[in-house]
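J.: Right, I'll just put the structure down here and ask away after.
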Amino acid sequence: MILIKFNKFFKKNWRQFLPPILLIFAILFACCVGQYPISLNELFTAIFNYSKSDSAVNTILFQVRFPRILTAIIAGAALAMAGVTYQSMFKNPLVSPDILGVSAGAGLGAVCVIFLGGALYQVQFVAFMGGLIAVGIVYTIAKFARYHTPILALVLAGIALSALLKAGISIIKIFADPYTQLATITFWLLGALNMTTFDDLMIILPLILLAMLPLILLRWRMNLLSLEDQEAQSLGLNISKTRLIFIFSATLMTSSIVALTGIIGWIGLIVPHVARLWLGESSNDFRQLLPATIFLGSAILLIADTCSRTAFNVEIPLGIITAVIGVPFFLGLLILGGKK
């Protein structure tokens, strides 16, 4: 009887099980490949029997690959969650986590500190604050735009402020030392996970978990936000308060990740589309869309990061890899997306 019920449940929800399986294979792949290949036997020996494992394997896994893999998992999940939240809330499939200026604000903050010769932790802190301040400015501007709908006002204000902040980044790049500062600025703006450590991750992780919690607990309310405002209000939803919670949570996640890894594009834009294509009709329910997006975001970013450090002799910035993966997919979606 139990097996029959499980079989029915699996047939109904089998699409939900594959993204976690893909993530598991991505983790194993990331652990084993690299300049120093590690077999599955060495991997499991290092994990379950640390004392009998080769010291070189322990060093590579626990000090180099595990922090990077964990960061990729968390960053992919956070960026994908922020992307699907913005897209669902704004009812626009072209919206990404940086639509409200969070990436540009964090980028300008980080670039300023690098230009002034600050330490890494100062770069991360100012980048984090810059992202939050940028979204705060956008939200304030949108409040004064009384002749537009709240969503349109937020998007337009975000686009305008992002352009201004990116202009500031370009000005600083012009005056930066081309032999030292400019290379650091460029590499940071393209995003990378090679500098992350467990200590850095433990500082950011509580903020990310704090931001994820409201999105997970209140994910059913996103279905109501997809309705017309009057209809959602008639069902008892406080639209302004709910949008503010979702915007703050998605912004906090994005700003935290950008502060840690730099600007990683396309994940927040593309992964929600992948999840919708995979789930099919179930993608209309945000309660099912969100978990699939989380696992797919982690798996795709982890695979991209693994490619960035193994495809060539020189490590390629992660933002380039995600663009190479994301742009063809986006163009294909644009051309073929209308077909049933």
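Simple scheme: letters A, B, ... for chains in structure tokens order, numbers from 1 for residues in each chain, numbers from 1 for ligands in the order shown.
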So which residues touch Gly191 in chain A within 6 Å, counting only C-alpha atoms, skipping near sequence neighbours fewer than 6 positions away, as a ChimeraX atom specification?
T.: /A:261-264,318-319
J.: Kindly export the residues of the current selection with C-alpha atoms, as an mmCIF file, in the first residue's frame.
T.:
data_model
loop_
_atom_site.group_PDB
_atom_site.id
_atom_site.type_symbol
_atom_site.label_atom_id
_atom_site.label_comp_id
_atom_site.auth_asym_id
_atom_site.auth_seq_id
_atom_site.Cartn_x
_atom_site.Cartn_y
_atom_site.Cartn_z
ATOM 1 C CA THR A 261 31.670 36.899 -5.401
ATOM 2 C CA GLY A 262 31.438 40.013 -7.530
ATOM 3 C CA ILE A 263 28.801 40.499 -10.219
ATOM 4 C CA ILE A 264 27.622 37.190 -11.706
ATOM 5 C CA LEU A 318 32.676 33.234 -13.967
ATOM 6 C CA GLY A 319 30.652 36.081 -15.481
#
J.: Please build the interface table for range 202-252 of chain A against range 88-92 of chain A with a cut-off of 10 Å, listing for each qualifying residue the nearest atom pair and the distance in Å to one decimal; count only C-alpha atoms, order rows by chain and increasing number, and write it as JSON lines.
T.:
{"residue": "A:Met222", "atom": "CA", "partner": "A:Met89", "partner_atom": "CA", "distance": 6.9}
{"residue": "A:Asn223", "atom": "CA", "partner": "A:Ser88", "partner_atom": "CA", "distance": 8.4}
{"residue": "A:Leu224", "atom": "CA", "partner": "A:Met89", "partner_atom": "CA", "distance": 9.6}
{"residue": "A:Leu225", "atom": "CA", "partner": "A:Met89", "partner_atom": "CA", "distance": 6.3}
{"residue": "A:Ser226", "atom": "CA", "partner": "A:Lys91", "partner_atom": "CA", "distance": 6.7}
{"residue": "A:Leu227", "atom": "CA", "partner": "A:Lys91", "partner_atom": "CA", "distance": 9.4}
{"residue": "A:Thr242", "atom": "CA", "partner": "A:Met89", "partner_atom": "CA", "distance": 9.8}
{"residue": "A:Arg243", "atom": "CA", "partner": "A:Met89", "partner_atom": "CA", "distance": 7.4}
{"residue": "A:Phe246", "atom": "CA", "partner": "A:Met89", "partner_atom": "CA", "distance": 8.2}
{"residue": "A:Ile247", "atom": "CA", "partner": "A:Met89", "partner_atom": "CA", "distance": 8.8}
J.: Near range 67-82 of chain A, counting only C-alpha atoms, which residues have an atom at most 8 Å away, once you skip same-chain residues fewer than 5 positions from it, shown as a ChimeraX atom specification?
T.: /A:27,30-31,62,96-97,193-194,196-198,201,208,212,249-251,253-254,257,267-269,271-272,290,293-302,305
J.: For N, CA and C atoms, I'd like the residues from the last selection saved as a short mmCIF file (atom, residue, chain, number, x, y, z; two decimals), in the first residue's frame.
T.:
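Heads up, here's the output in part36.cif:
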data_model
loop_
_atom_site.label_atom_id
_atom_site.label_comp_id
_atom_site.auth_asym_id
_atom_site.auth_seq_id
_atom_site.Cartn_x
_atom_site.Cartn_y
_atom_site.Cartn_z
N ILE A 27 27.87 18.35 -7.81
CA ILE A 27 28.79 18.41 -6.67
C ILE A 27 29.89 17.38 -6.82
N ALA A 30 32.28 18.49 -9.54
CA ALA A 30 33.13 19.60 -9.12
C ALA A 30 34.21 19.14 -8.15
N CYS A 31 33.88 18.16 -7.31
CA CYS A 31 34.87 17.66 -6.35
C CYS A 31 36.00 16.91 -7.03
N PHE A 62 39.32 20.23 1.22
CA PHE A 62 38.80 20.97 2.36
C PHE A 62 39.21 22.45 2.36
N SER A 96 15.66 40.72 -13.95
CA SER A 96 16.75 39.99 -13.30
C SER A 96 17.03 40.62 -11.94
N PRO A 97 17.85 39.98 -11.09
CA PRO A 97 18.08 40.52 -9.74
C PRO A 97 18.68 41.92 -9.69
N LEU A 193 34.76 32.96 -7.95
CA LEU A 193 34.63 32.27 -6.66
C LEU A 193 35.98 31.82 -6.12
N ASN A 194 37.06 32.17 -6.81
CA ASN A 194 38.37 31.64 -6.42
C ASN A 194 38.91 32.27 -5.14
N THR A 196 36.95 33.00 -2.42
CA THR A 196 36.06 32.76 -1.29
C THR A 196 36.65 31.75 -0.32
N THR A 197 36.40 31.97 0.96
CA THR A 197 36.84 31.05 2.01
C THR A 197 35.65 30.75 2.91
N PHE A 198 35.82 29.74 3.77
CA PHE A 198 34.76 29.40 4.72
C PHE A 198 34.47 30.57 5.65
N LEU A 201 32.31 33.04 3.84
CA LEU A 201 30.98 32.48 3.64
C LEU A 201 30.18 32.48 4.92
N ILE A 208 21.99 35.62 4.11
CA ILE A 208 21.32 34.96 2.99
C ILE A 208 20.17 34.07 3.51
N MET A 212 16.24 34.31 2.68
CA MET A 212 15.53 33.19 2.05
C MET A 212 14.28 32.80 2.82
N SER A 249 13.90 41.01 0.75
CA SER A 249 14.54 39.69 0.84
C SER A 249 15.39 39.42 -0.40
N ALA A 250 14.83 39.66 -1.59
CA ALA A 250 15.58 39.41 -2.82
C ALA A 250 16.79 40.33 -2.93
N THR A 251 16.63 41.57 -2.49
CA THR A 251 17.74 42.52 -2.53
C THR A 251 18.84 42.14 -1.56
N MET A 253 19.60 39.17 -0.47
CA MET A 253 20.31 38.01 -1.02
C MET A 253 21.28 38.42 -2.11
N THR A 254 20.78 39.21 -3.05
CA THR A 254 21.62 39.61 -4.18
C THR A 254 22.81 40.44 -3.72
N ILE A 257 25.47 38.23 -2.03
CA ILE A 257 26.23 37.40 -2.98
C ILE A 257 27.19 38.25 -3.80
N ILE A 267 22.41 34.31 -14.24
CA ILE A 267 21.83 33.23 -13.44
C ILE A 267 20.41 33.59 -13.01
N GLY A 268 20.23 34.79 -12.47
CA GLY A 268 18.91 35.19 -12.01
C GLY A 268 17.91 35.38 -13.13
N LEU A 269 18.39 35.61 -14.34
CA LEU A 269 17.50 35.80 -15.49
C LEU A 269 17.13 34.48 -16.16
N VAL A 271 17.81 31.01 -15.10
CA VAL A 271 17.41 29.83 -14.34
C VAL A 271 15.89 29.76 -14.13
N PRO A 272 15.20 30.86 -13.78
CA PRO A 272 13.74 30.75 -13.66
C PRO A 272 13.06 30.27 -14.94
N LEU A 290 9.51 27.70 -6.99
CA LEU A 290 10.63 28.16 -6.17
C LEU A 290 11.61 27.04 -5.82
N THR A 293 13.65 26.11 -8.85
CA THR A 293 14.59 27.19 -9.20
C THR A 293 15.81 27.16 -8.29
N ILE A 294 15.61 26.90 -7.01
CA ILE A 294 16.73 26.86 -6.06
C ILE A 294 17.75 25.80 -6.46
N PHE A 295 17.28 24.57 -6.70
CA PHE A 295 18.20 23.48 -7.03
C PHE A 295 18.84 23.67 -8.41
N LEU A 296 18.07 24.14 -9.37
CA LEU A 296 18.64 24.35 -10.70
C LEU A 296 19.65 25.49 -10.68
N GLY A 297 19.38 26.55 -9.91
CA GLY A 297 20.34 27.64 -9.81
C GLY A 297 21.65 27.19 -9.22
N SER A 298 21.59 26.40 -8.16
CA SER A 298 22.82 25.88 -7.55
C SER A 298 23.57 24.99 -8.51
N ALA A 299 22.86 24.09 -9.19
CA ALA A 299 23.53 23.14 -10.09
C ALA A 299 24.15 23.85 -11.29
N ILE A 300 23.42 24.79 -11.89
CA ILE A 300 23.92 25.46 -13.10
C ILE A 300 25.12 26.33 -12.77
N LEU A 301 25.07 27.07 -11.66
CA LEU A 301 26.22 27.91 -11.31
C LEU A 301 27.42 27.06 -10.93
N LEU A 302 27.19 25.94 -10.26
CA LEU A 302 28.30 25.06 -9.90
C LEU A 302 28.95 24.46 -11.14
N ASP A 305 30.95 27.23 -12.80
CA ASP A 305 32.20 27.50 -12.09
C ASP A 305 33.23 26.40 -12.32
#
J.: Calculated over only C-alpha atoms, which of the candidates A:Gly280, A:Gly34, A:Gly83, A:Gly105 has the smallest distance to Gln16 in chain A?
T.: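 Using only C-alpha atoms, the shortest distance to Gln16 in chain A belongs to A:Gly280.
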J.: Could you please determine the separation between CA of Leu61 in chain A and CA of Phe187 in chain A in Å, to one decimal place?
T.: 24.4 Å
J.: Record the distance separating CA of Thr310 in chain A and CA of Leu40 in chain A, expressed in Å with one decimal.
T.: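 One can read the CA of Thr310 in chain A to CA of Leu40 in chain A distance as 17.8 Å.
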J.: Can you list every residue in range 38-241 of chain A that DSSP puts in alpha helix (DSSP H), as a PyMOL selection string?
T.: chain A and resi 40-48+55-59+66-90+102-115+120-144+150-175+181-190+198-217+219-225+229-234+239-241
J.: Can you pull out every residue within 6 Å of Pro317 in chain A, counting only C-alpha atoms, but drop anything in the same chain fewer than 3 positions away, and send it as a PyMOL selection string?
T.: chain A and resi 190+192+320
J.: In Å, how far is it from CA of Ala323 in chain A to CA of Ile270 in chain A?
T.: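 A separation of 10.1 Å between them.
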J.: For Ala176 in chain A, work out the shell of residues within 10 Å, counting only C-alpha atoms and skipping chain neighbours fewer than 2 positions away, then give it as a VMD selection string.
T.: chain A and resid 111 to 112 114 to 116 170 to 174 178 to 185
J.: With only C-alpha atoms as the atoms that count, which of A:Ser282, A:Ile151, A:Pro37, A:Arg221 lies nearest to Gln233 in chain A?
T.: A:Arg221
J.: Of the residues A:His273, A:Arg219, A:Arg287, A:Arg309, which is the one nearest to Gln87 in chain A, using only C-alpha atoms?
T.: A:His273
J.: Find the residues near Val324 in chain A: any atom within 12 Å, counting only C-alpha atoms, skip ones fewer than 2 places away on the same chain, and give them as a list in words.
T.: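 Answer for this query is Gly265, Trp266, Ile267, Ile270, Ala304, Cys307, Ser308, Ile316, Pro317, Leu318, Gly319, Ile320, Ile321, Thr322, Gly326, Val327, Pro328, Phe329, Phe330 and Leu331 of chain A.
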J.: Go ahead and save the picked residues with N, CA, C and O atoms, as a JSON list (two decimals), in the first residue's frame.
T.:
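Result file follows (part.json):
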[["chain", "number", "residue", "atom", "x", "y", "z"],
["A", 265, "GLY", "N", 26.36, 37.56, -13.73],
["A", 265, "GLY", "CA", 25.16, 37.81, -14.49],
["A", 265, "GLY", "C", 24.49, 36.56, -15.02],
["A", 265, "GLY", "O", 25.06, 35.46, -14.97],
["A", 266, "TRP", "N", 23.27, 36.72, -15.50],
["A", 266, "TRP", "CA", 22.49, 35.73, -16.24],
["A", 266, "TRP", "C", 21.86, 34.63, -15.40],
["A", 266, "TRP", "O", 20.85, 34.05, -15.82],
["A", 267, "ILE", "N", 22.41, 34.31, -14.24],
["A", 267, "ILE", "CA", 21.83, 33.23, -13.44],
["A", 267, "ILE", "C", 20.41, 33.59, -13.01],
["A", 267, "ILE", "O", 19.47, 32.79, -13.16],
["A", 270, "ILE", "N", 18.11, 33.60, -16.34],
["A", 270, "ILE", "CA", 17.91, 32.40, -17.14],
["A", 270, "ILE", "C", 17.32, 31.24, -16.33],
["A", 270, "ILE", "O", 16.42, 30.53, -16.80],
["A", 304, "ALA", "N", 28.91, 25.82, -14.12],
["A", 304, "ALA", "CA", 29.59, 26.93, -14.79],
["A", 304, "ALA", "C", 30.93, 27.23, -14.13],
["A", 304, "ALA", "O", 31.93, 27.48, -14.80],
["A", 307, "CYS", "N", 33.48, 24.61, -15.01],
["A", 307, "CYS", "CA", 33.99, 24.85, -16.36],
["A", 307, "CYS", "C", 34.98, 26.02, -16.37],
["A", 307, "CYS", "O", 35.99, 25.98, -17.09],
["A", 308, "SER", "N", 34.71, 27.05, -15.57],
["A", 308, "SER", "CA", 35.58, 28.23, -15.58],
["A", 308, "SER", "C", 36.98, 27.91, -15.09],
["A", 308, "SER", "O", 37.95, 28.56, -15.51],
["A", 316, "ILE", "N", 38.94, 31.29, -16.23],
["A", 316, "ILE", "CA", 38.11, 32.30, -16.89],
["A", 316, "ILE", "C", 37.14, 32.88, -15.86],
["A", 316, "ILE", "O", 36.53, 32.14, -15.08],
["A", 317, "PRO", "N", 36.98, 34.21, -15.80],
["A", 317, "PRO", "CA", 36.00, 34.79, -14.88],
["A", 317, "PRO", "C", 34.62, 34.17, -15.06],
["A", 317, "PRO", "O", 34.17, 33.92, -16.18],
["A", 318, "LEU", "N", 33.94, 33.95, -13.95],
["A", 318, "LEU", "CA", 32.68, 33.23, -13.97],
["A", 318, "LEU", "C", 31.61, 33.97, -14.77],
["A", 318, "LEU", "O", 30.76, 33.35, -15.41],
["A", 319, "GLY", "N", 31.64, 35.31, -14.73],
["A", 319, "GLY", "CA", 30.65, 36.08, -15.48],
["A", 319, "GLY", "C", 30.71, 35.82, -16.98],
["A", 319, "GLY", "O", 29.69, 35.87, -17.66],
["A", 320, "ILE", "N", 31.90, 35.53, -17.49],
["A", 320, "ILE", "CA", 32.04, 35.22, -18.92],
["A", 320, "ILE", "C", 31.39, 33.88, -19.23],
["A", 320, "ILE", "O", 30.68, 33.72, -20.23],
["A", 321, "ILE", "N", 31.62, 32.89, -18.36],
["A", 321, "ILE", "CA", 31.05, 31.55, -18.57],
["A", 321, "ILE", "C", 29.53, 31.60, -18.53],
["A", 321, "ILE", "O", 28.85, 31.01, -19.37],
["A", 322, "THR", "N", 28.97, 32.30, -17.53],
["A", 322, "THR", "CA", 27.51, 32.38, -17.44],
["A", 322, "THR", "C", 26.91, 33.11, -18.63],
["A", 322, "THR", "O", 25.81, 32.79, -19.08],
["A", 326, "GLY", "N", 24.33, 31.58, -20.98],
["A", 326, "GLY", "CA", 23.02, 32.22, -20.88],
["A", 326, "GLY", "C", 22.54, 32.86, -22.17],
["A", 326, "GLY", "O", 21.35, 32.77, -22.50],
["A", 327, "VAL", "N", 23.42, 33.52, -22.91],
["A", 327, "VAL", "CA", 22.99, 34.26, -24.11],
["A", 327, "VAL", "C", 22.39, 33.33, -25.17],
["A", 327, "VAL", "O", 21.30, 33.61, -25.68],
["A", 328, "PRO", "N", 23.06, 32.21, -25.54],
["A", 328, "PRO", "CA", 22.43, 31.33, -26.54],
["A", 328, "PRO", "C", 21.09, 30.78, -26.07],
["A", 328, "PRO", "O", 20.14, 30.68, -26.86],
["A", 329, "PHE", "N", 21.01, 30.43, -24.77],
["A", 329, "PHE", "CA", 19.73, 29.93, -24.26],
["A", 329, "PHE", "C", 18.65, 31.00, -24.36],
["A", 329, "PHE", "O", 17.51, 30.74, -24.75],
["A", 330, "PHE", "N", 19.01, 32.22, -24.00],
["A", 330, "PHE", "CA", 18.04, 33.31, -24.02],
["A", 330, "PHE", "C", 17.57, 33.59, -25.45],
["A", 330, "PHE", "O", 16.38, 33.81, -25.69],
["A", 331, "LEU", "N", 18.50, 33.59, -26.40],
["A", 331, "LEU", "CA", 18.12, 33.81, -27.80],
["A", 331, "LEU", "C", 17.24, 32.68, -28.32],
["A", 331, "LEU", "O", 16.28, 32.92, -29.05]]
